[in-house]
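**Student:** Sharing my_file09.cif below, mmCIF, C-alpha atoms:
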data_input
loop_
_atom_site.label_atom_id
_atom_site.label_comp_id
_atom_site.auth_asym_id
_atom_site.auth_seq_id
_atom_site.Cartn_x
_atom_site.Cartn_y
_atom_site.Cartn_z
CA MET A 222 15.67 -36.35 61.34
CA PHE A 223 18.49 -37.35 63.72
CA LYS A 224 20.40 -39.03 60.92
CA LYS A 225 20.04 -35.98 58.70
CA LEU A 226 21.13 -33.62 61.48
CA ALA A 227 24.15 -35.70 62.39
CA LEU A 228 25.21 -36.03 58.78
CA ILE A 229 24.93 -32.27 58.24
CA LEU A 230 27.00 -31.54 61.33
CA LEU A 231 29.61 -34.12 60.41
CA ILE A 232 30.00 -32.80 56.87
CA ALA A 233 30.07 -29.18 58.02
CA LEU A 234 32.63 -29.76 60.71
CA MET A 235 34.82 -31.87 58.45
CA ALA A 236 34.75 -29.03 55.92
CA PHE A 237 35.94 -26.56 58.55
CA THR A 238 38.76 -28.87 59.67
CA SER A 239 41.96 -28.06 57.84
CA CYS A 240 44.99 -29.73 59.41
CA SER A 241 43.96 -32.27 62.07
CA LYS A 242 46.46 -34.91 63.09
CA LYS A 243 45.80 -38.40 61.79
CA ALA A 244 45.46 -39.74 65.34
CA ASP A 245 42.73 -37.20 66.02
CA ASP A 246 40.79 -38.30 62.94
CA SER A 247 40.44 -41.95 63.91
CA TYR A 248 36.91 -41.43 65.26
CA LEU A 249 35.62 -40.02 61.95
CA SER A 250 35.31 -43.37 60.20
CA GLU A 251 33.40 -44.75 63.18
CA MET A 252 31.03 -41.75 63.04
CA GLU A 253 30.51 -42.24 59.32
CA THR A 254 29.72 -45.93 59.87
CA LEU A 255 27.17 -45.06 62.56
CA ILE A 256 25.47 -42.51 60.32
CA LYS A 257 25.22 -45.04 57.49
CA GLU A 258 23.91 -47.86 59.67
CA LYS A 259 21.80 -46.21 62.38
CA THR A 260 18.89 -43.80 62.65
CA GLY A 261 16.92 -42.07 65.41
CA ASP A 262 17.55 -43.17 68.97
CA ASP A 263 19.92 -45.92 67.82
CA LEU A 264 22.14 -43.34 66.17
CA LEU A 265 22.06 -41.18 69.29
CA ALA A 266 22.96 -44.18 71.46
CA GLY A 267 25.83 -44.99 69.11
CA PHE A 268 27.21 -41.48 69.40
CA ILE A 269 26.95 -41.63 73.19
CA GLU A 270 28.97 -44.86 73.25
CA LEU A 271 31.50 -43.38 70.87
CA ASP A 272 31.82 -40.34 73.14
CA LYS A 273 32.86 -42.64 75.99
CA LYS A 274 35.64 -43.99 73.79
CA TYR A 275 36.73 -40.57 72.49
CA ASN A 276 35.93 -38.34 75.44
CA ASN A 277 37.91 -35.36 74.18
CA VAL A 278 36.24 -35.02 70.76
CA LEU A 279 34.18 -31.84 70.63
CA MET A 280 32.37 -32.85 67.45
CA LEU A 281 30.74 -35.81 69.22
CA LYS A 282 29.47 -33.67 72.07
CA ILE A 283 28.07 -31.18 69.56
CA ASN A 284 26.20 -33.92 67.69
CA ILE A 285 24.87 -35.52 70.87
CA SER A 286 23.73 -32.23 72.40
CA GLY A 287 22.03 -31.16 69.17
CA MET A 288 20.10 -34.42 68.91
CA LEU A 289 19.09 -34.27 72.57
CA LEU A 290 17.84 -30.70 72.16
CA MET A 291 15.66 -31.87 69.27
CA LYS A 292 14.17 -34.45 71.66
CA ASN A 293 13.72 -31.74 74.32
CA GLU A 294 16.00 -33.67 76.67
CA VAL A 295 17.39 -30.35 77.83
CA GLN A 296 19.20 -31.31 81.02
CA MET A 297 21.11 -34.17 79.39
CA ALA A 298 22.00 -31.93 76.44
CA GLY A 299 23.35 -29.40 78.91
CA ASP A 300 25.59 -32.04 80.50
CA TYR A 301 27.27 -32.73 77.17
CA LEU A 302 27.60 -29.04 76.37
CA LYS A 303 29.15 -28.31 79.76
CA ALA A 304 31.60 -31.17 79.18
CA GLY A 305 32.42 -29.59 75.83
CA MET A 306 33.12 -26.13 77.24
CA PRO A 307 36.82 -26.79 78.06
CA LEU A 308 37.24 -28.35 74.61
CA VAL A 309 35.70 -25.43 72.70
CA LYS A 310 37.99 -22.99 74.49
CA LYS A 311 41.00 -24.96 73.18
CA SER A 312 39.57 -25.45 69.69
CA LYS A 313 41.07 -23.55 66.79
CA ASN A 314 38.21 -24.64 64.51
CA ASP A 315 35.72 -21.81 63.89
CA GLY A 316 33.18 -24.25 62.50
CA GLU A 317 33.14 -26.28 65.69
CA LYS A 318 32.85 -23.14 67.78
CA TYR A 319 29.96 -21.84 65.70
CA VAL A 320 27.88 -25.02 66.04
CA PHE A 321 28.78 -25.44 69.72
CA TYR A 322 27.69 -21.93 70.68
CA THR A 323 24.58 -22.30 68.51
CA ASN A 324 23.65 -25.34 70.60
CA MET A 325 24.48 -23.42 73.77
CA ALA A 326 22.10 -20.64 72.70
CA GLN A 327 19.34 -23.17 72.05
CA TYR A 328 20.03 -24.94 75.36
CA SER A 329 19.91 -21.66 77.29
CA LEU A 330 16.64 -20.70 75.59
CA LYS A 331 15.07 -24.04 76.52
CA SER A 332 16.46 -23.61 80.05
CA LYS A 333 14.61 -20.29 80.33
CA ASP A 334 17.77 -18.21 80.48
CA PRO A 335 17.23 -15.73 77.62
CA ASN A 336 20.16 -13.48 78.57
CA LYS A 337 22.62 -16.36 78.28
CA SER A 338 20.92 -17.47 75.05
CA ILE A 339 21.51 -14.05 73.50
CA GLU A 340 25.11 -14.04 74.72
CA TYR A 341 25.86 -17.46 73.21
CA ALA A 342 24.05 -16.63 69.95
CA LYS A 343 26.24 -13.56 69.53
CA GLN A 344 29.32 -15.68 70.22
CA ALA A 345 28.24 -18.16 67.57
CA LEU A 346 27.87 -15.39 64.99
CA GLU A 347 31.41 -14.21 65.71
CA PHE A 348 32.65 -17.48 64.21
CA ASN A 349 30.36 -17.72 61.18
CA GLN A 350 28.19 -15.13 59.40
CA GLU A 351 27.49 -17.32 56.36
CA ASP A 352 24.57 -19.26 57.89
CA PRO A 353 23.05 -17.00 60.57
CA LEU A 354 19.38 -17.92 60.23
CA GLY A 355 18.90 -20.61 62.89
CA VAL A 356 20.94 -19.02 65.64
CA THR A 357 19.50 -15.57 64.92
CA ILE A 358 15.96 -16.91 65.25
CA THR A 359 17.00 -18.47 68.56
CA MET A 360 18.28 -15.04 69.62
CA ALA A 361 15.00 -13.42 68.52
CA LYS A 362 13.02 -15.86 70.65
CA ALA A 363 15.29 -15.09 73.58
CA TYR A 364 14.61 -11.35 73.19
CA ALA A 365 10.88 -12.07 73.08
CA ASN A 366 11.16 -14.22 76.21
CA LYS A 367 12.76 -11.32 78.06
CA GLU A 368 9.85 -9.12 76.96
CA ASP A 369 11.68 -7.22 74.24
CA PRO A 370 9.45 -7.97 71.21
CA ILE A 371 10.79 -4.97 69.28
CA SER A 372 14.34 -6.41 69.18
CA ALA A 373 12.92 -9.86 68.44
CA LEU A 374 10.86 -8.60 65.52
CA LYS A 375 13.77 -6.60 64.13
CA LEU A 376 15.92 -9.73 63.98
CA MET A 377 13.13 -11.82 62.46
CA LYS A 378 12.44 -9.22 59.78
CA GLU A 379 16.11 -9.07 58.86
CA GLN A 380 16.28 -12.84 58.49
CA TRP A 381 13.00 -12.95 56.55
CA ALA A 382 14.33 -10.37 54.10
CA ALA A 383 17.50 -12.40 53.58
CA TYR A 384 16.29 -16.02 53.77
CA PRO A 385 12.49 -16.31 53.25
CA ASN A 386 12.74 -19.77 51.66
CA LYS A 387 14.74 -21.16 54.59
CA PHE A 388 12.21 -20.35 57.30
CA SER A 389 10.63 -23.46 58.78
CA ASP A 390 6.84 -23.57 59.11
CA GLU A 391 7.31 -23.07 62.85
CA ASP A 392 9.49 -20.01 62.22
CA LEU A 393 6.87 -18.57 59.86
CA PHE A 394 4.16 -18.90 62.50
CA TYR A 395 6.48 -17.33 65.06
CA LEU A 396 7.13 -14.37 62.77
CA LEU A 397 3.38 -13.89 62.34
CA SER A 398 2.88 -13.97 66.11
CA LEU A 399 5.51 -11.25 66.58
CA LEU A 400 3.93 -9.09 63.89
CA GLY A 401 0.75 -9.17 65.92
CA ASN A 402 2.52 -7.28 68.70
CA GLU A 403 3.02 -4.14 66.61
CA PRO A 404 0.36 -1.78 65.24
CA ASP A 405 -0.58 -2.46 61.62
CA ASN A 406 1.60 -0.73 59.07
CA ILE A 407 2.42 -1.28 55.42
CA ASP A 408 5.76 -2.95 56.21
CA ASN A 409 4.22 -5.49 58.58
CA LEU A 410 1.27 -6.16 56.33
CA THR A 411 3.59 -6.75 53.37
CA ILE A 412 5.36 -9.43 55.39
CA VAL A 413 2.08 -11.00 56.53
CA VAL A 414 0.92 -11.29 52.91
CA ALA A 415 4.32 -12.60 51.80
CA VAL A 416 4.28 -15.25 54.54
CA ALA A 417 0.86 -16.38 53.33
CA ASP A 418 2.27 -16.60 49.80
CA GLU A 419 5.12 -18.73 51.14
CA PHE A 420 2.62 -21.10 52.77
CA LEU A 421 0.85 -21.43 49.41
CA ILE A 422 4.15 -22.39 47.80
CA ARG A 423 4.84 -25.02 50.46
CA LYS A 424 1.31 -26.32 50.87
CA PRO A 425 -0.46 -25.54 47.58
CA SER A 426 -3.44 -27.77 48.35
CA ILE A 427 -4.49 -25.56 51.27
CA THR A 428 -7.53 -23.43 50.50
CA GLY A 429 -8.62 -20.18 52.12
CA ILE A 430 -5.25 -18.43 52.24
CA GLY A 431 -6.34 -15.87 49.62
CA ILE A 432 -9.39 -15.00 51.71
CA GLN A 433 -7.23 -14.58 54.81
CA GLN A 434 -4.94 -12.24 52.88
CA ALA A 435 -7.95 -10.31 51.61
CA GLN A 436 -9.38 -9.83 55.10
CA ASP A 437 -6.09 -8.47 56.45
CA LEU A 438 -5.66 -6.16 53.46
CA GLU A 439 -9.22 -4.84 53.52
CA ARG A 440 -8.97 -4.17 57.26
CA ALA A 441 -5.90 -2.03 56.58
CA GLY A 442 -7.66 -0.20 53.74
CA TYR A 443 -5.63 -1.65 50.84
CA MET A 444 -8.60 -2.43 48.65
CA THR A 445 -6.89 -3.20 45.33
CA SER A 446 -4.63 -5.77 46.97
CA ALA A 447 -7.62 -7.16 48.89
CA LEU A 448 -9.51 -7.70 45.64
CA ILE A 449 -6.50 -9.39 44.05
CA ALA A 450 -6.25 -11.77 47.01
CA THR A 451 -10.00 -12.48 46.90
CA PHE A 452 -10.04 -13.39 43.22
CA SER A 453 -6.84 -15.40 43.55
CA GLU A 454 -8.81 -17.71 45.82
CA MET A 455 -11.67 -17.88 43.33
CA ASP A 456 -9.28 -18.73 40.51
CA ARG A 457 -7.89 -21.62 42.55
CA MET A 458 -11.42 -22.75 43.38
CA ARG A 459 -12.44 -22.96 39.72
CA CYS A 460 -9.37 -25.11 39.01
CA LEU A 461 -10.58 -27.47 41.76
CA ASN A 462 -14.16 -27.57 40.36
CA LYS A 463 -15.33 -25.89 43.58
CA MET A 464 -16.49 -22.73 41.83
CA LYS A 465 -17.98 -22.20 38.40
CA ASP A 466 -17.06 -19.38 36.06
CA GLU A 467 -20.59 -18.03 36.39
CA GLY A 468 -20.09 -17.58 40.12
CA ILE A 469 -16.92 -15.58 39.54
CA TYR A 470 -18.68 -13.31 37.03
CA ILE A 471 -21.44 -12.70 39.58
CA ALA A 472 -18.82 -11.85 42.22
CA LEU A 473 -17.19 -9.39 39.81
CA ASP A 474 -20.53 -7.67 39.22
CA GLU A 475 -21.29 -7.47 42.94
CA ALA A 476 -17.84 -6.15 43.81
CA LYS A 477 -18.07 -3.43 41.17
CA LYS A 478 -21.27 -2.07 42.74
CA ASN A 479 -19.24 -1.00 45.80
CA PHE A 480 -17.13 1.56 43.92
CA ASP A 481 -18.35 4.82 42.40
CA ASP A 482 -15.10 5.85 40.73
CA VAL A 483 -14.87 3.82 37.52
CA HIS A 484 -11.28 5.01 37.09
CA SER A 485 -10.10 3.76 40.48
CA PRO A 486 -7.50 0.99 40.54
CA HIS A 487 -10.06 -1.22 42.29
CA VAL A 488 -12.49 -1.03 39.38
CA LYS A 489 -9.64 -1.33 36.89
CA PHE A 490 -8.58 -4.59 38.51
CA LEU A 491 -12.13 -5.95 38.35
CA ASP A 492 -12.32 -5.07 34.65
CA GLY A 493 -8.92 -6.65 34.08
CA PHE A 494 -9.91 -9.83 35.86
CA ARG A 495 -13.08 -10.06 33.76
CA ALA A 496 -10.94 -9.73 30.63
CA TYR A 497 -8.65 -12.48 31.98
CA MET A 498 -11.68 -14.73 32.53
CA ASP A 499 -12.85 -13.93 28.98
CA GLU A 500 -9.30 -14.69 27.73
CA ASP A 501 -9.13 -11.20 26.24
CA PHE A 502 -5.47 -11.10 27.12
CA ASP A 503 -4.61 -7.89 25.28
CA LYS A 504 -7.14 -5.94 27.34
CA ALA A 505 -6.26 -7.75 30.58
CA SER A 506 -2.54 -7.19 30.06
CA GLU A 507 -3.00 -3.49 29.39
CA ILE A 508 -5.11 -3.06 32.53
CA PHE A 509 -2.88 -5.10 34.84
CA ASP A 510 0.23 -3.27 33.65
CA SER A 511 -1.43 0.02 34.62
CA ILE A 512 -2.04 -1.08 38.22
CA THR A 513 0.38 -1.14 41.15
CA PRO A 514 -1.11 -3.01 44.14
CA GLU A 515 -0.58 -1.37 47.52
CA VAL A 516 0.95 -4.63 48.82
CA PRO A 517 2.73 -7.12 46.53
CA ILE A 518 1.01 -10.50 46.05
CA ASN A 519 2.50 -13.41 44.10
CA TYR A 520 -0.78 -14.01 42.30
CA PHE A 521 -0.69 -10.58 40.66
CA SER A 522 2.66 -11.49 39.09
CA PHE A 523 0.94 -14.57 37.69
CA LEU A 524 -1.86 -12.49 36.19
CA GLN A 525 0.52 -10.04 34.57
CA MET A 526 2.84 -12.67 33.11
CA ALA A 527 0.07 -15.05 32.02
CA CYS A 528 -1.71 -12.28 30.14
CA ARG A 529 1.46 -10.87 28.56
CA ALA A 530 2.57 -14.32 27.40
CA ASN A 531 -0.86 -15.08 25.91
CA SER A 532 -1.46 -11.66 24.33
CA SER A 533 -0.92 -10.69 20.70
CA LYS A 534 2.46 -9.32 21.81
CA THR A 535 3.61 -12.72 23.02
CA SER A 536 7.22 -13.75 22.47
CA GLN A 537 9.63 -16.47 23.47
CA GLU A 538 11.13 -14.07 26.01
CA LEU A 539 7.73 -13.49 27.65
CA VAL A 540 7.08 -17.23 27.72
CA ASN A 541 10.46 -17.83 29.35
CA ALA A 542 9.77 -15.12 31.94
CA PHE A 543 6.41 -16.71 32.72
CA GLY A 544 8.00 -20.15 32.92
CA ALA A 545 10.49 -18.85 35.47
CA LEU A 546 7.61 -18.33 37.93
CA GLU A 547 6.92 -22.06 38.30
CA GLY A 548 8.40 -22.30 41.80
CA LYS A 549 5.83 -19.79 43.03
CA PHE A 550 2.78 -21.71 41.76
CA PRO A 551 3.12 -25.46 42.40
CA LEU A 552 -0.06 -27.41 41.65
CA PHE A 553 -1.83 -24.23 40.46
CA GLN A 554 -3.52 -25.53 37.32
CA SER A 555 -4.09 -22.13 35.74
CA TYR A 556 -0.34 -21.54 35.78
CA TYR A 557 0.45 -24.73 33.85
CA TYR A 558 -2.48 -24.22 31.50
CA TYR A 559 -1.63 -20.66 30.50
CA LEU A 560 2.03 -21.56 30.20
CA TRP A 561 1.46 -24.27 27.61
CA THR A 562 -1.10 -22.15 25.76
CA ALA A 563 1.50 -19.36 25.58
CA ILE A 564 4.01 -21.83 24.15
CA ARG A 565 1.42 -22.83 21.55
CA LYS A 566 0.76 -19.21 20.62
CA ASN A 567 4.44 -18.96 19.75
CA ASN A 568 4.05 -22.05 17.52
CA LEU A 569 6.49 -23.96 19.72
CA LEU A 570 4.23 -26.57 21.37
CA SER A 571 5.58 -30.09 20.79
CA LYS A 572 5.78 -33.50 22.42
CA GLU A 573 8.73 -32.16 24.39
CA ASP A 574 6.18 -30.10 26.34
CA GLN A 575 4.27 -33.21 27.39
CA PRO A 576 5.64 -33.15 30.98
CA LEU A 577 4.29 -29.60 31.41
CA MET A 578 0.92 -30.60 29.97
CA GLU A 579 0.79 -33.65 32.21
CA GLN A 580 1.39 -31.44 35.25
CA CYS A 581 -1.57 -29.36 34.16
CA ILE A 582 -3.78 -32.42 33.67
CA LEU A 583 -2.85 -34.09 36.94
CA SER A 584 -3.58 -30.89 38.89
CA ASN A 585 -7.24 -31.72 38.17
CA PRO A 586 -8.05 -33.97 35.18
CA SER A 587 -11.78 -33.22 35.33
CA SER A 588 -11.60 -29.41 35.25
CA LYS A 589 -12.12 -27.53 32.01
CA PHE A 590 -8.38 -26.83 32.00
CA GLY A 591 -7.56 -30.51 32.44
CA VAL A 592 -9.93 -31.61 29.65
CA ALA A 593 -8.70 -28.89 27.27
CA THR A 594 -5.11 -29.91 27.96
CA LYS A 595 -5.89 -33.56 27.21
CA LYS A 596 -7.40 -32.54 23.88
CA ALA A 597 -4.32 -30.50 23.01
CA LEU A 598 -2.00 -33.31 24.05
CA GLY A 599 -4.02 -35.71 21.92
CA LYS A 600 -3.59 -33.42 18.91
CA LEU A 601 0.19 -33.77 19.28
CA TYR A 602 -0.33 -37.51 18.72
CA GLY A 603 -2.86 -37.09 15.91
CA LEU A 604 -5.84 -37.97 18.11
CA ASP A 605 -9.21 -36.29 17.64
CA ASP A 606 -10.58 -37.68 20.90
CA GLY A 607 -7.76 -36.67 23.22
CA GLU A 608 -10.24 -35.91 26.00
CA ASN A 609 -10.31 -39.70 26.57
CA ILE A 610 -6.59 -39.86 27.36
CA LEU A 611 -5.70 -41.21 30.79
CA LEU A 612 -2.19 -40.72 32.15
CA PRO A 613 -0.43 -43.54 34.04
CA ASP A 614 -1.16 -41.89 37.40
CA GLU A 615 -4.86 -41.74 36.53
CA LEU A 616 -4.86 -45.41 35.50
CA THR A 617 -3.28 -46.32 38.82
CA VAL A 618 -6.06 -44.51 40.66
CA TYR A 619 -8.70 -46.53 38.80
CA LEU A 620 -6.87 -49.77 39.61
CA MET A 621 -6.75 -48.86 43.31
CA ARG A 622 -10.43 -47.93 43.34
CA VAL A 623 -11.62 -51.30 42.03
CA ARG A 624 -9.17 -53.08 44.31
CA ASN A 625 -10.79 -51.21 47.19
CA GLY A 626 -14.19 -52.59 46.28
CA GLU A 627 -15.76 -50.05 43.94
CA LYS A 628 -17.94 -51.39 41.13
CA PRO A 629 -16.33 -52.15 37.75
CA GLU A 630 -18.56 -49.51 36.14
CA ILE A 631 -16.18 -46.82 37.36
CA LEU A 632 -13.78 -48.11 34.68
CA GLU A 633 -15.84 -46.52 31.89
CA PRO A 634 -13.06 -43.94 31.20
CA VAL A 635 -10.56 -46.82 30.92
CA ALA A 636 -12.86 -48.57 28.44
CA LYS A 637 -13.08 -45.40 26.34
CA LEU A 638 -9.28 -45.20 26.26
CA LEU A 639 -9.05 -48.85 25.18
CA GLU A 640 -11.45 -48.07 22.30
CA MET A 641 -9.17 -45.34 20.93
CA LYS A 642 -6.91 -45.98 17.98
CA ASP A 643 -3.39 -47.07 18.82
CA ASN A 644 -1.39 -44.54 20.83
CA PRO A 645 1.07 -44.53 23.75
CA PHE A 646 -1.68 -43.78 26.29
CA LYS A 647 -3.69 -46.80 25.14
CA ASP A 648 -0.51 -48.91 25.38
CA ASN A 649 -0.25 -47.97 29.07
CA ALA A 650 -3.86 -49.03 29.60
CA ASN A 651 -3.28 -52.36 27.83
CA LEU A 652 -0.37 -53.05 30.17
CA MET A 653 -2.66 -52.54 33.17
CA VAL A 654 -5.58 -54.66 31.90
CA PRO A 655 -4.16 -57.97 33.28
CA GLU A 656 -3.93 -56.40 36.75
CA LEU A 657 -7.45 -55.03 36.45
CA LYS A 658 -8.82 -58.43 35.46
CA LYS A 659 -7.45 -59.97 38.64
CA VAL A 660 -10.11 -58.03 40.54
CA SER A 661 -13.40 -59.89 40.94
CA GLY A 662 -16.00 -58.92 38.34
CA VAL A 663 -13.72 -56.64 36.33
CA ALA A 664 -12.82 -59.12 33.58
CA GLU A 665 -16.49 -59.86 32.91
CA TRP A 666 -17.41 -56.17 32.85
CA LEU A 667 -14.52 -55.19 30.55
CA ASN A 668 -15.22 -58.07 28.15
CA SER A 669 -18.90 -57.15 27.99
CA ARG A 670 -18.22 -53.41 27.67
CA LEU A 671 -15.65 -53.83 24.90
CA GLY A 672 -17.61 -56.55 23.09
CA ILE A 673 -14.97 -59.22 23.63
#
Before we go any further, please render this structure as C-alpha cells.
**Tutor:**
Amino acid sequence: MFKKLALILLIALMAFTSCSKKADDSYLSEMETLIKEKTGDDLLAGFIELDKKYNNVLMLKINISGMLLMKNEVQMAGDYLKAGMPLVKKSKNDGEKYVFYTNMAQYSLKSKDPNKSIEYAKQALEFNQEDPLGVTITMAKAYANKEDPISALKLMKEQWAAYPNKFSDEDLFYLLSLLGNEPDNIDNLTIVVAVADEFLIRKPSITGIGIQQAQDLERAGYMTSALIATFSEMDRMRCLNKMKDEGIYIALDEAKKNFDDVHSPHVKFLDGFRAYMDEDFDKASEIFDSITPEVPINYFSFLQMACRANSSKTSQELVNAFGALEGKFPLFQSYYYYLWTAIRKNNLLSKEDQPLMEQCILSNPSSKFGVATKKALGKLYGLDDGENILLPDELTVYLMRVRNGEKPEILEPVAKLLEMKDNPFKDNANLMVPELKKVSGVAEWLNSRLGI
C-alpha cells in the first residue's frame, strides 16, 4: 500500500510541476529508484533518509506524512507537516498545495481537532476540485466529530452521488452509519439500497444482502421493492444450489396470499417473477415493464433486460444493452446464462462466445445453469455429451483435491471427459494426466477405470 501511495503522489505531483529548475529536480530520480526497489516500512525509511539530504523538498514531506498517517503514527506525521508549512507557503505548485492540505486535514482529524480539519480541507479544495472525494470525506468526518451530522451527511451524499464507485468499503460503512442518524425517508433509503448493491458488485460471493435490503424496504412500506430484493436473494441461492426451483415457487405462492388486490404492483411482480422462472419471457417482460419499483434496485434492471433480450422481440441492440450490465453482476450465474441464451436466440452464438459461457460455467459448474451451458458449449464443438466437459480451472481443482489426499474415485468426471471423442477439452485433460498419475493410487485407478 505504501509503495502504491508514494507512486501515486509522485506521479501526481510531477504532473502538476511545470517549470522546475534542473537543480531542484535532482531528488526525483532518487525517489523513483526508491519506489522501484523498496516497499512498506523500507520505502518509508528511504524517504526519511532522502528528506535529510533534501530538507527543503515539499514533495518528500508530503509522501512521508501521508505514509505515516496510514500507519496511524500521527505525531510523527505532524512533525513532517509542520516542517512543510513554510515550504507550502512559498510553493507555486497547486498540486503540492492540494495534497499537503489534504494531509493536514487528515492529521487534524486524527489529532481530534475537527475545526482545523475542516479549515484545511477547504484550503485543499481551493487548489483542486478535480479529485475532491478523499478530502471531502475527511471534512465530513470532522463535521460529525464536532456533532454536526447534518453537514456531514450532506457532504457524504454529494460525494456518493458523484463518485459511488470510488468509495472505499470503510467509506460505505461510514455513509450507512450517518444515514442512521436521520429519520427514514425515500432519499436515505434509496442510498441504503444502492450501497448494498455496491457491496454486491464488490463482494459478489456474499449472501444475505438481498434479505437485508428487503427488511429495510418492508419496514419503510415499499413492498414492491422489498419483494424484488427478496427474490433477488432467492435467484442467487438457486445459482449456488442452495435453493431449488420448487422452493421459490412455494415462496411465490405464499407471498401472493398476503395481497388482496390482484392488480397491485406487488402481485404483478410476483406474477412476473413466476413467468421469469418459467422462462415465459414475453409475459415476464410485459409485466416488468409495467412496474416502477418505489426504490431502484440493480436486480430489477437485470430482470427487465434479461427478459427483453430473451423474448420474441429480442434484437442485437437488446443483447448489447443487456451485455452492458456486466459490471453490475459479477459472478451472478443467471446474468451470464441469460446473456448467452439471448445471443443464441439472435442466431449469433459461436465459439467466440466461449469466454462468456466459461464465466457462466465457472460461477457454479454443478448448477442447472452450469450443466446447460456445458451442453451448449459442447454443441459448438459437435459434441453430444457436452455435460461431461471440464474446463482447465475445474481440472486444476480435481488435481489439487487428490494431491490433498482425497480418494482417486473423485476423478470420475475426469474419466468421463477422457472417454469423450477428441476435442480441445479432452486435450487439456490429457495434458494433466501425467501430473495426476504422480499422486499415489491415481495411476492404478485411472488405468482400471479406463480399461488400460
**Student:** Neighbouring residues of region 567-582 of chain A were defined as those with any atom within 7 Å, considering all atoms listed in the file; residues of the same chain fewer than 5 positions away were excluded. Please report them as a PyMOL selection string.
**Tutor:** chain A and resi 536-537+554+557-558+561+591+594-595+601
**Student:** Check the smallest atom-to-atom distance from each of A:Ala505, A:Leu249, A:Ile449, A:Leu546 to Ser532 (chain A) using only C-alpha atoms, then report the winner.
**Tutor:**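 Looking at the shortest contact to Ser532 (chain A), the residue is A:Ala505.
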**Student:** Any idea what the distance is between CA of Leu652 (chain A) and CA of Val592 (chain A)?
**Tutor:**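 Rounded to one decimal, the two atoms are 23.5 Å apart.
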**Student:** I need the residue set behind the PyMOL selection byres ((chain A and resi 427) around 12) for this file; please write it as a PyMOL selection string.
**Tutor:** chain A and resi 417-426+428-433+454+457-458+461+551-553
**Student:** As a list in words, please: the residues near Lys331 (chain A) (cut-off 10 Å, only C-alpha atoms, same-chain neighbours under 6 positions excluded).
**Tutor:**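 In the requested form, the answer reads Leu290, Asn293, Glu294, Val295, Gln296, Met325, Ser338, Thr359 and Ala363 of chain A.
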**Student:** What's around Leu308 (chain A) at 12 Å? Count all atoms listed in the file, leave out sequence neighbours fewer than 3 positions away in its own chain, and write the answer as a PyMOL selection string.
**Tutor:** chain A and resi 276-283+301-305+311-314+317-318+321
**Student:** Set the distance at 8 Å and use all atoms listed in the file: which residues neighbour region 627-641 of chain A once local chain neighbours fewer than 4 positions away are removed? I'd like the list as a ChimeraX atom specification.
**Tutor:** /A:606,609-611,616,619,622-623,646-647,650-651,662-663,666-667,670-671
**Student:** Report as a VMD selection string the residues that result from applying the PyMOL selection byres ((chain A and resi 364-375) around 10) to the structure here.
**Tutor:** chain A and resid 330 333 to 336 338 to 339 357 to 363 376 to 381 395 to 400 402 to 403
**Student:** Please enclose the listed atoms of region 380-396 of chain A in an axis-aligned box, pad each side by 8 Å, and write out the centre and the three edge lengths in Å, rounded to one decimal, as lines of an AutoDock Vina configuration file.
**Tutor:**
center_x = 10.8
center_y = -17.0
center_z = 58.4
size_x = 29.3
size_y = 29.2
size_z = 29.4
**Student:** Around the point (-7.2, -0.2, 44.0) (coordinates from the file), which residues reach within 7 Å if we count only C-alpha atoms? Answer as a PyMOL selection string.
**Tutor:** chain A and resi 444-446+485-487+514
**Student:** For this structure, which residues satisfy the selection - the PyMOL selection byres ((chain A and resi 252) around 10) - when it is evaluated on the file as given? I want them as an mmCIF file with C-alpha atoms, in the frame of the given file.
**Tutor:**
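Saved file selection_10.cif follows:
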data_model
loop_
_atom_site.group_PDB
_atom_site.id
_atom_site.type_symbol
_atom_site.label_atom_id
_atom_site.label_comp_id
_atom_site.auth_asym_id
_atom_site.auth_seq_id
_atom_site.Cartn_x
_atom_site.Cartn_y
_atom_site.Cartn_z
ATOM 1 C CA ALA A 227 24.150 -35.700 62.390
ATOM 2 C CA LEU A 228 25.210 -36.030 58.780
ATOM 3 C CA LEU A 231 29.610 -34.120 60.410
ATOM 4 C CA SER A 247 40.440 -41.950 63.910
ATOM 5 C CA TYR A 248 36.910 -41.430 65.260
ATOM 6 C CA LEU A 249 35.620 -40.020 61.950
ATOM 7 C CA SER A 250 35.310 -43.370 60.200
ATOM 8 C CA GLU A 251 33.400 -44.750 63.180
ATOM 9 C CA GLU A 253 30.510 -42.240 59.320
ATOM 10 C CA THR A 254 29.720 -45.930 59.870
ATOM 11 C CA LEU A 255 27.170 -45.060 62.560
ATOM 12 C CA ILE A 256 25.470 -42.510 60.320
ATOM 13 C CA LYS A 257 25.220 -45.040 57.490
ATOM 14 C CA GLU A 258 23.910 -47.860 59.670
ATOM 15 C CA LEU A 264 22.140 -43.340 66.170
ATOM 16 C CA GLY A 267 25.830 -44.990 69.110
ATOM 17 C CA PHE A 268 27.210 -41.480 69.400
ATOM 18 C CA LEU A 271 31.500 -43.380 70.870
ATOM 19 C CA LEU A 281 30.740 -35.810 69.220
#
**Student:** Expressed in Å to a single decimal, how great is the separation between CA of Tyr328 (chain A) and CA of Asn386 (chain A)?
**Tutor:** 25.3 Å
**Student:** Could you check how far CA of Leu393 (chain A) sits from CA of Glu340 (chain A), in Å to one decimal?
**Tutor:**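 One can read the CA of Leu393 (chain A) to CA of Glu340 (chain A) distance as 24.0 Å.
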